[in-house]
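J.: File follows, data-v9.txt with compact mmCIF, C-alpha atoms and all ligand atoms:
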# COMPACT_ATOMS: atom_id res chain seq x y z
CA MET A 1 -20.21 127.92 -177.59
CA THR A 2 -17.67 126.42 -180.04
CA THR A 3 -18.00 126.88 -183.82
CA THR A 4 -19.00 123.21 -184.10
CA ASP A 5 -21.72 123.70 -181.48
CA ALA A 6 -22.95 126.81 -183.26
CA THR A 7 -23.08 124.99 -186.59
CA ALA A 8 -24.97 122.07 -185.04
CA GLN A 9 -27.42 124.50 -183.41
CA GLN A 10 -27.98 126.23 -186.71
CA GLU A 11 -28.68 122.99 -188.57
CA ALA A 12 -30.94 121.79 -185.74
CA GLU A 13 -32.88 125.04 -185.96
CA GLN A 14 -33.33 124.61 -189.72
CA ILE A 15 -34.69 121.10 -189.14
CA VAL A 16 -37.13 122.28 -186.47
CA VAL A 17 -38.36 125.09 -188.73
CA LYS A 18 -38.78 122.60 -191.56
CA LEU A 19 -40.67 120.11 -189.38
CA LEU A 20 -42.97 122.83 -188.11
CA THR A 21 -43.59 124.81 -191.27
CA GLN A 22 -43.06 122.41 -194.18
CA PRO A 23 -43.56 118.94 -192.71
CA PRO A 24 -41.82 116.36 -194.93
CA GLN A 25 -43.48 113.21 -196.30
CA ASP A 26 -40.97 111.13 -194.35
CA PRO A 27 -40.09 112.89 -191.06
CA TYR A 28 -38.06 110.03 -189.56
CA PRO A 29 -34.63 110.85 -191.07
CA TRP A 30 -35.15 114.47 -189.95
CA TYR A 31 -35.93 113.38 -186.40
CA ALA A 32 -32.82 111.17 -186.44
CA ARG A 33 -30.58 114.07 -187.46
CA LEU A 34 -32.15 116.35 -184.86
CA ARG A 35 -31.58 113.72 -182.15
CA GLU A 36 -27.89 113.65 -183.12
CA LEU A 37 -27.41 117.40 -183.44
CA ASP A 38 -29.37 118.84 -180.54
CA PRO A 39 -31.83 116.45 -178.90
CA ILE A 40 -33.13 119.17 -176.55
CA HIS A 41 -33.34 122.17 -178.78
CA ARG A 42 -34.49 125.71 -177.96
CA ALA A 43 -36.58 126.69 -180.97
CA SER A 44 -36.03 130.29 -181.99
CA ILE A 45 -39.52 130.51 -183.48
CA GLY A 46 -41.23 130.22 -180.08
CA ASP A 47 -40.30 130.06 -176.45
CA PHE A 48 -40.29 126.28 -176.36
CA TRP A 49 -37.87 123.35 -176.52
CA THR A 50 -38.19 120.38 -178.84
CA LEU A 51 -37.54 116.97 -177.29
CA THR A 52 -36.62 114.04 -179.55
CA ARG A 53 -35.02 111.32 -177.37
CA TYR A 54 -37.08 108.53 -175.82
CA ASP A 55 -35.60 108.93 -172.35
CA ASP A 56 -36.03 112.70 -172.21
CA ILE A 57 -39.64 112.55 -173.37
CA SER A 58 -40.51 109.71 -170.95
CA VAL A 59 -39.13 111.79 -168.08
CA ALA A 60 -40.70 115.08 -169.20
CA VAL A 61 -44.25 113.76 -169.69
CA LYS A 62 -44.23 112.32 -166.17
CA ASP A 63 -42.74 115.37 -164.46
CA LYS A 64 -45.52 117.08 -162.53
CA ARG A 65 -43.59 120.35 -162.45
CA PHE A 66 -44.74 120.87 -166.04
CA ILE A 67 -48.15 122.52 -166.01
CA ARG A 68 -50.96 123.45 -168.42
CA ASN A 69 -52.18 126.98 -169.07
CA PHE A 70 -54.96 127.79 -171.53
CA ALA A 71 -54.15 131.49 -171.96
CA ASP A 72 -50.55 130.61 -172.72
CA MET A 73 -51.61 128.17 -175.44
CA ARG A 74 -53.66 130.94 -177.00
CA ARG A 75 -50.79 133.42 -176.76
CA ARG A 76 -48.53 130.99 -178.60
CA ASN A 77 -51.17 130.61 -181.28
CA GLY A 78 -51.20 134.37 -181.71
CA ARG A 79 -54.78 134.74 -180.49
CA ARG A 80 -56.30 136.39 -177.48
CA VAL A 81 -59.39 135.02 -175.76
CA ASP A 82 -62.59 136.79 -176.86
CA SER A 83 -65.34 135.66 -174.53
CA SER A 84 -68.04 137.04 -176.81
CA ARG A 85 -67.25 134.13 -179.15
CA PRO A 86 -69.00 130.79 -178.43
CA PHE A 87 -65.87 128.72 -178.95
CA ASP A 88 -63.85 130.95 -176.62
CA ARG A 89 -66.36 130.33 -173.84
CA HIS A 90 -66.35 126.58 -174.54
CA GLN A 91 -62.67 125.70 -174.95
CA PRO A 92 -61.23 127.01 -171.63
CA ILE A 93 -63.45 124.64 -169.62
CA TRP A 94 -62.00 121.48 -171.16
CA PHE A 95 -60.60 119.44 -168.29
CA VAL A 96 -57.23 119.16 -170.06
CA TRP A 97 -56.28 122.73 -169.05
CA SER A 98 -56.54 122.15 -165.34
CA ASN A 99 -53.65 121.18 -163.08
CA PRO A 100 -53.46 119.06 -159.94
CA PRO A 101 -55.11 118.99 -157.50
CA GLU A 102 -58.29 119.96 -159.47
CA PHE A 103 -57.22 117.97 -162.53
CA VAL A 104 -57.29 114.54 -160.92
CA PRO A 105 -61.00 114.32 -159.93
CA LYS A 106 -62.03 116.15 -163.11
CA ARG A 107 -60.29 113.63 -165.34
CA ALA A 108 -61.46 110.68 -163.23
CA VAL A 109 -65.03 111.42 -164.30
CA TYR A 110 -64.11 110.57 -167.91
CA GLY A 111 -61.46 107.98 -167.11
CA ALA A 112 -64.01 105.60 -165.61
CA ALA A 113 -66.01 105.47 -168.85
CA PHE A 114 -62.91 104.75 -170.95
CA SER A 115 -61.30 102.30 -168.54
CA ARG A 116 -59.80 99.07 -169.87
CA SER A 117 -62.65 96.93 -168.48
CA ASN A 118 -65.42 99.15 -169.88
CA VAL A 119 -63.76 99.09 -173.27
CA GLU A 120 -63.42 95.29 -173.26
CA ASN A 121 -67.22 95.06 -173.10
CA LEU A 122 -67.45 97.05 -176.33
CA ARG A 123 -65.43 94.59 -178.42
CA PRO A 124 -68.41 92.55 -179.74
CA LEU A 125 -70.15 95.73 -180.80
CA MET A 126 -66.96 97.02 -182.45
CA ALA A 127 -66.78 93.77 -184.43
CA ASP A 128 -70.43 94.16 -185.53
CA PHE A 129 -69.76 97.72 -186.71
CA ALA A 130 -66.59 96.68 -188.55
CA ASN A 131 -68.25 93.67 -190.19
CA GLU A 132 -71.12 95.84 -191.38
CA LEU A 133 -68.64 98.22 -193.06
CA LEU A 134 -66.62 95.35 -194.52
CA ASP A 135 -69.78 93.72 -195.92
CA THR A 136 -70.50 96.89 -197.87
CA ALA A 137 -66.93 97.07 -199.14
CA GLU A 138 -66.90 93.42 -200.13
CA GLU A 139 -69.63 94.01 -202.70
CA SER A 140 -67.36 96.32 -204.70
CA GLY A 141 -64.19 94.24 -204.21
CA GLN A 142 -62.19 97.24 -203.06
CA MET A 143 -62.21 99.80 -200.29
CA GLU A 144 -60.78 103.16 -199.33
CA VAL A 145 -59.60 102.13 -195.86
CA VAL A 146 -59.55 105.56 -194.19
CA GLU A 147 -63.07 106.65 -195.13
CA ASP A 148 -64.90 103.34 -195.69
CA LEU A 149 -63.57 101.45 -192.70
CA SER A 150 -61.69 103.44 -190.09
CA PHE A 151 -63.70 106.67 -190.13
CA GLY A 152 -67.04 104.81 -190.16
CA LEU A 153 -65.92 102.54 -187.35
CA THR A 154 -64.46 105.30 -185.18
CA VAL A 155 -67.53 107.53 -185.45
CA ARG A 156 -69.85 104.66 -184.58
CA VAL A 157 -67.75 103.51 -181.61
CA ILE A 158 -67.19 106.90 -179.95
CA ALA A 159 -70.75 108.11 -180.62
CA HIS A 160 -72.00 104.88 -179.05
CA ALA A 161 -69.69 105.26 -176.03
CA LEU A 162 -70.92 108.81 -175.54
CA GLY A 163 -74.56 107.85 -176.05
CA VAL A 164 -75.19 109.96 -179.16
CA PRO A 165 -77.52 108.22 -181.66
CA ARG A 166 -75.78 107.40 -184.93
CA GLU A 167 -78.12 109.57 -187.01
CA ASN A 168 -77.02 112.65 -185.06
CA SER A 169 -73.29 111.93 -185.05
CA GLN A 170 -72.65 114.25 -188.02
CA LEU A 171 -72.93 117.23 -185.63
CA LEU A 172 -70.00 115.81 -183.68
CA VAL A 173 -68.02 115.21 -186.86
CA ASP A 174 -68.64 118.77 -188.09
CA TYR A 175 -67.47 120.13 -184.77
CA ALA A 176 -64.32 117.94 -184.73
CA ARG A 177 -63.42 119.00 -188.26
CA ALA A 178 -63.99 122.67 -187.51
CA LEU A 179 -61.85 122.37 -184.39
CA SER A 180 -58.60 120.98 -185.85
CA PRO A 181 -57.49 124.08 -187.81
CA THR A 182 -58.03 126.34 -184.78
CA PHE A 183 -54.76 124.99 -183.36
CA ASP A 184 -52.79 126.40 -186.31
CA PRO A 185 -50.89 129.57 -185.47
CA LEU A 186 -52.80 132.58 -186.78
CA ALA A 187 -56.02 130.73 -187.56
CA SER A 188 -58.10 132.82 -190.01
CA GLU A 189 -61.41 134.55 -189.22
CA GLU A 190 -63.13 132.02 -191.46
CA VAL A 191 -61.76 129.14 -189.37
CA LEU A 192 -62.94 130.86 -186.18
CA ASP A 193 -66.40 131.58 -187.60
CA ARG A 194 -66.72 127.93 -188.62
CA VAL A 195 -65.78 126.61 -185.18
CA ASP A 196 -68.14 129.11 -183.49
CA ALA A 197 -71.04 127.92 -185.66
CA ALA A 198 -70.22 124.22 -185.10
CA THR A 199 -69.94 124.83 -181.33
CA VAL A 200 -73.35 126.52 -181.17
CA ASP A 201 -75.03 123.71 -183.14
CA LEU A 202 -73.41 120.92 -181.16
CA GLU A 203 -73.97 122.55 -177.77
CA SER A 204 -77.65 123.14 -178.40
CA TYR A 205 -78.09 119.54 -179.54
CA LEU A 206 -76.20 118.16 -176.53
CA HIS A 207 -78.25 120.23 -174.07
CA GLU A 208 -81.41 118.68 -175.58
CA LEU A 209 -79.95 115.19 -175.47
CA ILE A 210 -78.89 115.66 -171.83
CA GLU A 211 -82.43 116.69 -170.93
CA GLU A 212 -83.73 113.47 -172.53
CA LYS A 213 -81.15 111.35 -170.74
CA ARG A 214 -81.99 112.91 -167.39
CA HIS A 215 -85.38 111.22 -167.70
CA LYS A 216 -84.14 108.12 -169.47
CA PRO A 217 -80.48 107.40 -168.65
CA GLY A 218 -78.49 104.85 -170.62
CA GLU A 219 -75.20 103.04 -170.07
CA ASP A 220 -73.12 105.70 -171.73
CA LEU A 221 -70.69 108.52 -170.97
CA LEU A 222 -73.28 111.28 -171.14
CA SER A 223 -75.47 109.49 -168.59
CA GLN A 224 -72.45 109.04 -166.30
CA LEU A 225 -71.60 112.70 -166.69
CA ILE A 226 -75.16 113.66 -165.79
CA ASP A 227 -74.75 111.67 -162.56
CA ALA A 228 -71.46 113.44 -161.91
CA GLN A 229 -73.16 116.78 -162.47
CA ARG A 230 -75.87 115.82 -160.01
CA ASP A 231 -73.10 115.02 -157.49
CA GLY A 232 -71.70 118.51 -158.01
CA LEU A 233 -68.52 117.38 -159.80
CA LEU A 234 -69.07 119.50 -162.90
CA SER A 235 -71.45 122.05 -164.42
CA GLU A 236 -73.67 121.40 -167.45
CA GLU A 237 -71.43 123.71 -169.53
CA GLU A 238 -68.39 121.64 -168.58
CA LEU A 239 -70.28 118.46 -169.31
CA VAL A 240 -71.14 119.60 -172.85
CA ALA A 241 -67.72 121.08 -173.66
CA ASN A 242 -65.87 118.00 -172.45
CA ALA A 243 -68.13 115.50 -174.19
CA ALA A 244 -67.37 117.40 -177.40
CA LEU A 245 -63.64 117.39 -176.63
CA VAL A 246 -63.56 113.64 -176.02
CA PHE A 247 -65.22 112.93 -179.35
CA ALA A 248 -62.93 115.30 -181.24
CA ALA A 249 -59.78 113.96 -179.57
CA GLY A 250 -60.64 110.43 -180.61
CA LEU A 251 -61.86 110.96 -184.16
CA GLU A 252 -58.93 111.79 -186.46
CA THR A 253 -56.38 110.07 -184.24
CA THR A 254 -58.02 106.64 -184.34
CA THR A 255 -59.34 106.94 -187.89
CA HIS A 256 -55.87 107.58 -189.20
CA PHE A 257 -54.10 105.18 -186.90
CA ILE A 258 -56.06 102.27 -188.40
CA GLY A 259 -55.17 103.58 -191.88
CA ASN A 260 -51.49 103.82 -190.90
CA CYS A 261 -51.56 100.25 -189.57
CA VAL A 262 -53.04 98.76 -192.73
CA TYR A 263 -50.61 100.72 -194.90
CA SER A 264 -47.57 99.76 -192.80
CA LEU A 265 -48.49 96.07 -192.78
CA LEU A 266 -49.10 95.96 -196.52
CA LYS A 267 -45.93 97.91 -197.34
CA ASN A 268 -43.95 95.48 -195.19
CA ARG A 269 -45.58 92.49 -196.85
CA ASP A 270 -43.68 89.89 -194.81
CA GLN A 271 -45.33 91.34 -191.70
CA TRP A 272 -48.80 91.05 -193.25
CA GLU A 273 -48.08 87.47 -194.31
CA LEU A 274 -46.97 86.68 -190.78
CA PHE A 275 -49.91 88.48 -189.18
CA LYS A 276 -52.51 86.58 -191.15
CA THR A 277 -51.11 83.22 -189.95
CA ASP A 278 -52.40 84.03 -186.43
CA PRO A 279 -54.21 87.37 -186.22
CA ASP A 280 -55.73 86.71 -182.79
CA GLY A 281 -52.40 85.70 -181.29
CA LEU A 282 -50.28 88.41 -182.90
CA VAL A 283 -52.57 91.40 -182.70
CA ALA A 284 -51.82 92.69 -179.19
CA ASP A 285 -48.04 93.01 -179.63
CA GLY A 286 -48.58 93.94 -183.28
CA VAL A 287 -50.64 97.02 -182.45
CA GLU A 288 -48.11 98.17 -179.83
CA GLU A 289 -45.40 97.87 -182.47
CA LEU A 290 -47.52 99.75 -185.01
CA LEU A 291 -48.08 102.52 -182.45
CA ARG A 292 -44.33 102.76 -182.18
CA TYR A 293 -43.64 102.48 -185.88
CA GLN A 294 -46.32 104.72 -187.42
CA SER A 295 -48.49 106.50 -184.86
CA SER A 296 -51.07 108.97 -186.11
CA VAL A 297 -49.86 111.41 -183.43
CA GLN A 298 -46.22 112.40 -183.93
CA ALA A 299 -45.95 115.39 -181.62
CA ASP A 300 -47.84 117.53 -179.15
CA LEU A 301 -48.28 121.26 -179.21
CA PRO A 302 -46.03 122.90 -176.59
CA LEU A 303 -48.75 122.37 -173.98
CA ARG A 304 -46.45 121.48 -171.09
CA LEU A 305 -44.94 124.56 -169.47
CA ALA A 306 -42.14 124.53 -166.92
CA GLY A 307 -43.72 125.68 -163.63
CA GLU A 308 -40.17 126.21 -162.32
CA ASP A 309 -36.67 125.68 -163.75
CA ILE A 310 -36.55 121.97 -164.68
CA GLU A 311 -33.55 119.92 -165.71
CA ILE A 312 -34.12 117.35 -168.46
CA GLY A 313 -31.26 115.31 -169.93
CA GLY A 314 -28.66 117.76 -168.58
CA VAL A 315 -30.41 120.86 -169.94
CA THR A 316 -32.30 123.38 -167.80
CA ILE A 317 -35.70 124.35 -169.16
CA PRO A 318 -36.35 127.78 -167.64
CA GLN A 319 -39.62 128.47 -165.83
CA GLY A 320 -42.33 129.57 -168.29
CA ASP A 321 -40.82 127.86 -171.34
CA GLY A 322 -42.77 125.12 -173.08
CA VAL A 323 -41.66 121.68 -174.28
CA LEU A 324 -42.76 120.11 -177.54
CA PRO A 325 -42.25 116.33 -177.46
CA PHE A 326 -41.77 114.60 -180.81
CA TYR A 327 -43.27 111.23 -179.85
CA GLY A 328 -42.65 109.97 -183.39
CA SER A 329 -38.93 110.51 -182.86
CA ALA A 330 -38.86 108.89 -179.42
CA ASN A 331 -40.54 105.83 -180.90
CA ARG A 332 -37.68 105.45 -183.40
CA ASP A 333 -34.84 106.22 -180.99
CA PRO A 334 -32.04 103.62 -181.53
CA ASP A 335 -30.94 104.03 -177.90
CA ARG A 336 -34.31 102.55 -176.90
CA TYR A 337 -35.19 100.19 -179.77
CA GLU A 338 -32.91 97.95 -181.78
CA ASP A 339 -33.22 98.55 -185.51
CA PRO A 340 -35.98 101.12 -184.88
CA ASP A 341 -36.91 101.72 -188.53
CA ARG A 342 -37.90 98.07 -188.99
CA LEU A 343 -41.50 97.01 -188.43
CA ASP A 344 -41.49 93.79 -186.40
CA ILE A 345 -44.91 92.83 -185.07
CA THR A 346 -43.34 90.25 -182.75
CA ARG A 347 -41.13 92.86 -181.07
CA LYS A 348 -41.31 92.61 -177.27
CA ASP A 349 -40.93 95.30 -174.65
CA VAL A 350 -42.43 98.09 -176.72
CA ARG A 351 -43.41 100.89 -174.37
CA THR A 352 -44.80 103.28 -176.91
CA LEU A 353 -44.97 107.01 -176.40
CA GLY A 354 -47.69 107.11 -179.07
CA PHE A 355 -50.23 107.93 -176.34
CA GLY A 356 -48.00 110.40 -174.47
CA GLY A 357 -47.62 109.67 -170.77
CA GLY A 358 -47.99 110.81 -167.18
CA LEU A 359 -51.09 112.59 -165.92
CA HIS A 360 -52.21 113.57 -169.40
CA VAL A 361 -51.68 110.17 -171.04
CA CYS A 362 -54.30 109.60 -173.74
CA LEU A 363 -57.75 109.15 -172.22
CA GLY A 364 -58.86 106.99 -175.14
CA GLN A 365 -55.87 104.64 -175.29
CA PHE A 366 -57.82 101.47 -174.48
CA ILE A 367 -60.66 102.19 -176.86
CA ALA A 368 -58.21 103.12 -179.64
CA ARG A 369 -56.21 99.92 -179.11
CA ALA A 370 -59.29 97.70 -178.97
CA GLU A 371 -60.85 99.24 -182.05
CA THR A 372 -57.65 98.90 -184.06
CA GLN A 373 -57.15 95.32 -182.94
CA VAL A 374 -60.71 94.37 -183.88
CA ALA A 375 -60.39 96.00 -187.33
CA LEU A 376 -57.03 94.39 -188.14
CA VAL A 377 -58.07 90.91 -187.05
CA LEU A 378 -61.24 91.02 -189.15
CA LEU A 379 -59.36 92.33 -192.17
CA ALA A 380 -56.78 89.56 -191.95
CA LYS A 381 -59.40 86.85 -191.47
CA ARG A 382 -61.80 88.03 -194.13
CA PHE A 383 -59.36 89.39 -196.72
CA PRO A 384 -55.99 87.65 -196.40
CA ASN A 385 -55.03 88.76 -199.93
CA LEU A 386 -55.51 92.43 -199.13
CA HIS A 387 -53.21 94.61 -201.25
CA ILE A 388 -52.63 98.29 -202.01
CA GLN A 389 -54.29 99.39 -205.23
CA GLY A 390 -53.58 102.36 -207.49
CA ASP A 391 -51.05 105.13 -206.88
CA GLU A 392 -48.69 105.16 -203.92
CA PRO A 393 -50.59 106.81 -201.03
CA THR A 394 -49.34 110.20 -199.82
CA TRP A 395 -49.17 111.76 -196.36
CA ARG A 396 -51.01 114.96 -195.55
CA PRO A 397 -48.63 117.71 -194.49
CA GLY A 398 -48.85 117.91 -190.70
CA VAL A 399 -46.63 118.40 -187.65
CA THR A 400 -48.67 116.75 -184.95
CA ASN A 401 -50.72 114.24 -186.96
CA ARG A 402 -49.41 111.68 -189.43
CA THR A 403 -52.32 110.91 -191.73
CA LEU A 404 -52.75 109.39 -195.18
CA THR A 405 -54.76 111.32 -197.76
CA SER A 406 -56.37 108.01 -198.77
CA LEU A 407 -55.55 104.30 -198.97
CA THR A 408 -57.30 102.20 -201.58
CA VAL A 409 -56.95 98.44 -201.25
CA GLY A 410 -58.09 95.48 -203.29
CA LEU A 411 -59.79 92.86 -201.15
CA GLN A 412 -59.22 89.63 -203.09
C1 LIG A 501 -54.70 105.74 -182.02
C2 LIG A 501 -55.46 106.71 -181.55
C3 LIG A 501 -54.98 107.76 -180.60
C4 LIG A 501 -53.73 108.29 -180.45
C5 LIG A 501 -52.46 107.94 -181.23
C6 LIG A 501 -53.82 109.28 -179.39
C7 LIG A 501 -52.74 110.01 -178.91
C8 LIG A 501 -52.81 110.90 -177.87
C9 LIG A 501 -51.68 111.65 -177.36
C10 LIG A 501 -50.24 111.55 -177.85
C11 LIG A 501 -52.13 112.42 -176.35
C12 LIG A 501 -51.31 113.40 -175.51
C13 LIG A 501 -50.93 112.73 -174.23
C14 LIG A 501 -49.97 113.55 -173.40
O1 LIG A 501 -49.97 114.80 -173.49
O2 LIG A 501 -49.20 112.93 -172.63
C15 LIG A 501 -53.55 112.19 -176.22
C16 LIG A 501 -54.37 112.81 -175.30
C17 LIG A 501 -55.74 112.65 -175.28
N1 LIG A 501 -56.48 111.74 -175.99
FE1 LIG A 501 -55.80 110.45 -177.38
N2 LIG A 501 -55.11 109.33 -178.94
C18 LIG A 501 -55.87 108.41 -179.64
C19 LIG A 501 -57.19 108.12 -179.47
C20 LIG A 501 -58.03 108.75 -178.58
C21 LIG A 501 -59.42 108.43 -178.36
C22 LIG A 501 -60.19 107.29 -179.05
C23 LIG A 501 -59.92 109.32 -177.43
C24 LIG A 501 -61.29 109.45 -176.83
C25 LIG A 501 -62.18 108.52 -176.76
C26 LIG A 501 -58.82 110.17 -177.05
C27 LIG A 501 -58.90 111.19 -176.13
C28 LIG A 501 -57.82 111.91 -175.66
C29 LIG A 501 -57.93 112.98 -174.66
C30 LIG A 501 -59.22 113.51 -174.04
C31 LIG A 501 -56.62 113.43 -174.41
C32 LIG A 501 -56.19 114.51 -173.42
C33 LIG A 501 -55.87 113.86 -172.10
C34 LIG A 501 -55.39 114.82 -171.03
O3 LIG A 501 -54.81 115.88 -171.38
O4 LIG A 501 -55.57 114.52 -169.84
N3 LIG A 501 -57.69 109.79 -177.77
N4 LIG A 501 -53.95 111.25 -177.15
Can you give me the file's structure in the form of structure tokens?
Ligand code: HEM
T.:
Amino acid sequence: MTTTDATAQQEAEQIVVKLLTQPPQDPYPWYARLRELDPIHRASIGDFWTLTRYDDISVAVKDKRFIRNFADMRRRNGRRVDSSRPFDRHQPIWFVWSNPPEFVPKRAVYGAAFSRSNVENLRPLMADFANELLDTAEESGQMEVVEDLSFGLTVRVIAHALGVPRENSQLLVDYARALSPTFDPLASEEVLDRVDAATVDLESYLHELIEEKRHKPGEDLLSQLIDAQRDGLLSEEELVANAALVFAAGLETTTHFIGNCVYSLLKNRDQWELFKTDPDGLVADGVEELLRYQSSVQADLPLRLAGEDIEIGGVTIPQGDGVLPFYGSANRDPDRYEDPDRLDITRKDVRTLGFGGGLHVCLGQFIARAETQVALVLLAKRFPNLHIQGDEPTWRPGVTNRTLTSLTVGLQ
């Protein structure tokens, strides 16, 4: 290694440590520097490689030689599995830990419910939910977008898709909120106690609900899962754990994506002015561009492990090492997108990595897109003068999620 290489490696390492331990308010210049210095970087703080270029990430997420391993994820988080704990019995049976060939039929059970055509049928209901929330906001003339619109809408939509009555959806929310901090390295005992308690409450409720639906099925995911259980495709424990996973995976991601979209459009006022001239016509490409420009998911945990030595972009990832894709960086890679830091809702040929890719591509991508499109169109039609109110919003510190602490807007 030359001195220049060593210096570049050292600076790259400092950037990775910064991104992982003290995430900056604006990560994009840091990603850009990392892409220049060492786009496939072996992080010294874990046996994984960070990927920052569009092409490398596109290839890696589709490469089936990368595998999932639950115990390994736990090892990296500094925790061993303790099967006396409720959450430690529940988490390993999420379908996301399995590998082909078992993975494919397991995921197909959920994929059918969240298919593009199923989701299209939900659009009128999504609009009703959103209008209801906007009616309430209209009375006060202002709104906190994240809580008053996107959170309310997301909870209603996913609870409905699952078949959980709205009045009981708080149990799902409590579980999702208890779950997030368990992915932090060295999660505290308090965090683990909280997720155990939320798991027990949610599981016991879902078992009751499943019993009801066995006698009176509906057109919802839980009823479909009960059929799949009857056909021997999964156990009741798997059914419950995976229903909980699906809700949790969709909650913060979609809630904050809608917030990020509204913020990005209002900060780039010319784009909002353009959007409101033809919301129905511009929304499909617009949301793809917003997923590229400001996704709520910037990176994955190092969940993909090399099942054998794998070459990516001229670098060999040794068997057993993990890769951590920075999707947020890939989406701003100048080798893939012209002028990548500019929001342009008419941009064509956006193939976002905001939903990952390959076998594990986001299960909820169609529902998340549809919900965001519905919300943005209604906002533009009902409140064309929408504007940010009060102090400049701030981003919560986070490596994987890019989320605003709050976003208050004036409606008129
Ligand atoms: C804008 C909102 C969303 C974003 C940005 C997002 C992003 C992502 C990303 C980046 C992945 C990782 C994909 C990979 O490893 O290749 C993922 C996986 C996943 N997402 Fe989403 N997601 C969103 C909404 C949702 C919703 C609404 C649901 C559920 C209804 C959902 C359920 C899942 C599940 C279950 C997985 C794991 C899939 C697997 O490993 O096979 N997501 N999502």
J.: As an MDAnalysis selection string, please: every protein or nucleic acid residue near ligand LIG 501 (chain A) (cut-off 7 Å, counting all atoms listed in the file).
T.: chainID A and resid 61 96 107 114 158 245:247 249:251 253:254 257 295:297 299:300 354:365 367:369
J.: Fewer than 6 positions away in the same chain doesn't count, so skip those; otherwise give me all residues within 10 Å of Ile45 in chain A, counting all atoms listed in the file, as a list in words.
T.: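 Near neighbours after the sequence-gap exclusion: Glu13, Val16, Val17 and Leu20 of chain A.
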J.: Would you mind listing, for every residue of range 21-50 of chain A within 12 Å of range 327-344 of chain A, the two atoms forming the shortest contact and the distance between them in Å to one decimal, using only C-alpha atoms, sorted by chain and ascending residue number, as JSON lines?
T.:
{"residue": "A:Asp26", "atom": "CA", "partner": "A:Gly328", "partner_atom": "CA", "distance": 11.1}
{"residue": "A:Pro27", "atom": "CA", "partner": "A:Gly328", "partner_atom": "CA", "distance": 8.6}
{"residue": "A:Tyr28", "atom": "CA", "partner": "A:Ser329", "partner_atom": "CA", "distance": 6.8}
{"residue": "A:Pro29", "atom": "CA", "partner": "A:Ser329", "partner_atom": "CA", "distance": 9.3}
{"residue": "A:Trp30", "atom": "CA", "partner": "A:Ser329", "partner_atom": "CA", "distance": 9.0}
{"residue": "A:Tyr31", "atom": "CA", "partner": "A:Ser329", "partner_atom": "CA", "distance": 5.5}
{"residue": "A:Ala32", "atom": "CA", "partner": "A:Ser329", "partner_atom": "CA", "distance": 7.1}
{"residue": "A:Arg33", "atom": "CA", "partner": "A:Ser329", "partner_atom": "CA", "distance": 10.2}
{"residue": "A:Leu34", "atom": "CA", "partner": "A:Ser329", "partner_atom": "CA", "distance": 9.2}
{"residue": "A:Arg35", "atom": "CA", "partner": "A:Ser329", "partner_atom": "CA", "distance": 8.1}
{"residue": "A:Glu36", "atom": "CA", "partner": "A:Asp333", "partner_atom": "CA", "distance": 10.4}
{"residue": "A:Pro39", "atom": "CA", "partner": "A:Ser329", "partner_atom": "CA", "distance": 10.1}
{"residue": "A:Thr50", "atom": "CA", "partner": "A:Tyr327", "partner_atom": "CA", "distance": 10.5}
J.: For the atom pair CA of Ser406 in chain A and CA of Tyr263 in chain A, what is the interatomic distance in Å to one decimal place?
T.: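 Spanning CA of Ser406 in chain A to CA of Tyr263 in chain A is a straight-line distance of 10.1 Å.
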J.: Quote the spacing between CA of Glu371 in chain A and CA of Ala130 in chain A in Å to one decimal place.
T.: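 Distance reported for this atom pair: 9.0 Å.
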J.: Write out as a PyMOL selection string which residues come within 9 Å of Phe183 in chain A when counting all atoms listed in the file, dropping same-chain ones fewer than 4 positions away.
T.: chain A and resi 74+77+179+187+301
J.: Quick one: of A:Arg382, A:Asp227, A:Leu202, A:Ala197, who's nearest to Val173 in chain A, counting all atoms listed in the file?
T.: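 Closest to Val173 in chain A, using all atoms listed in the file: A:Leu202.
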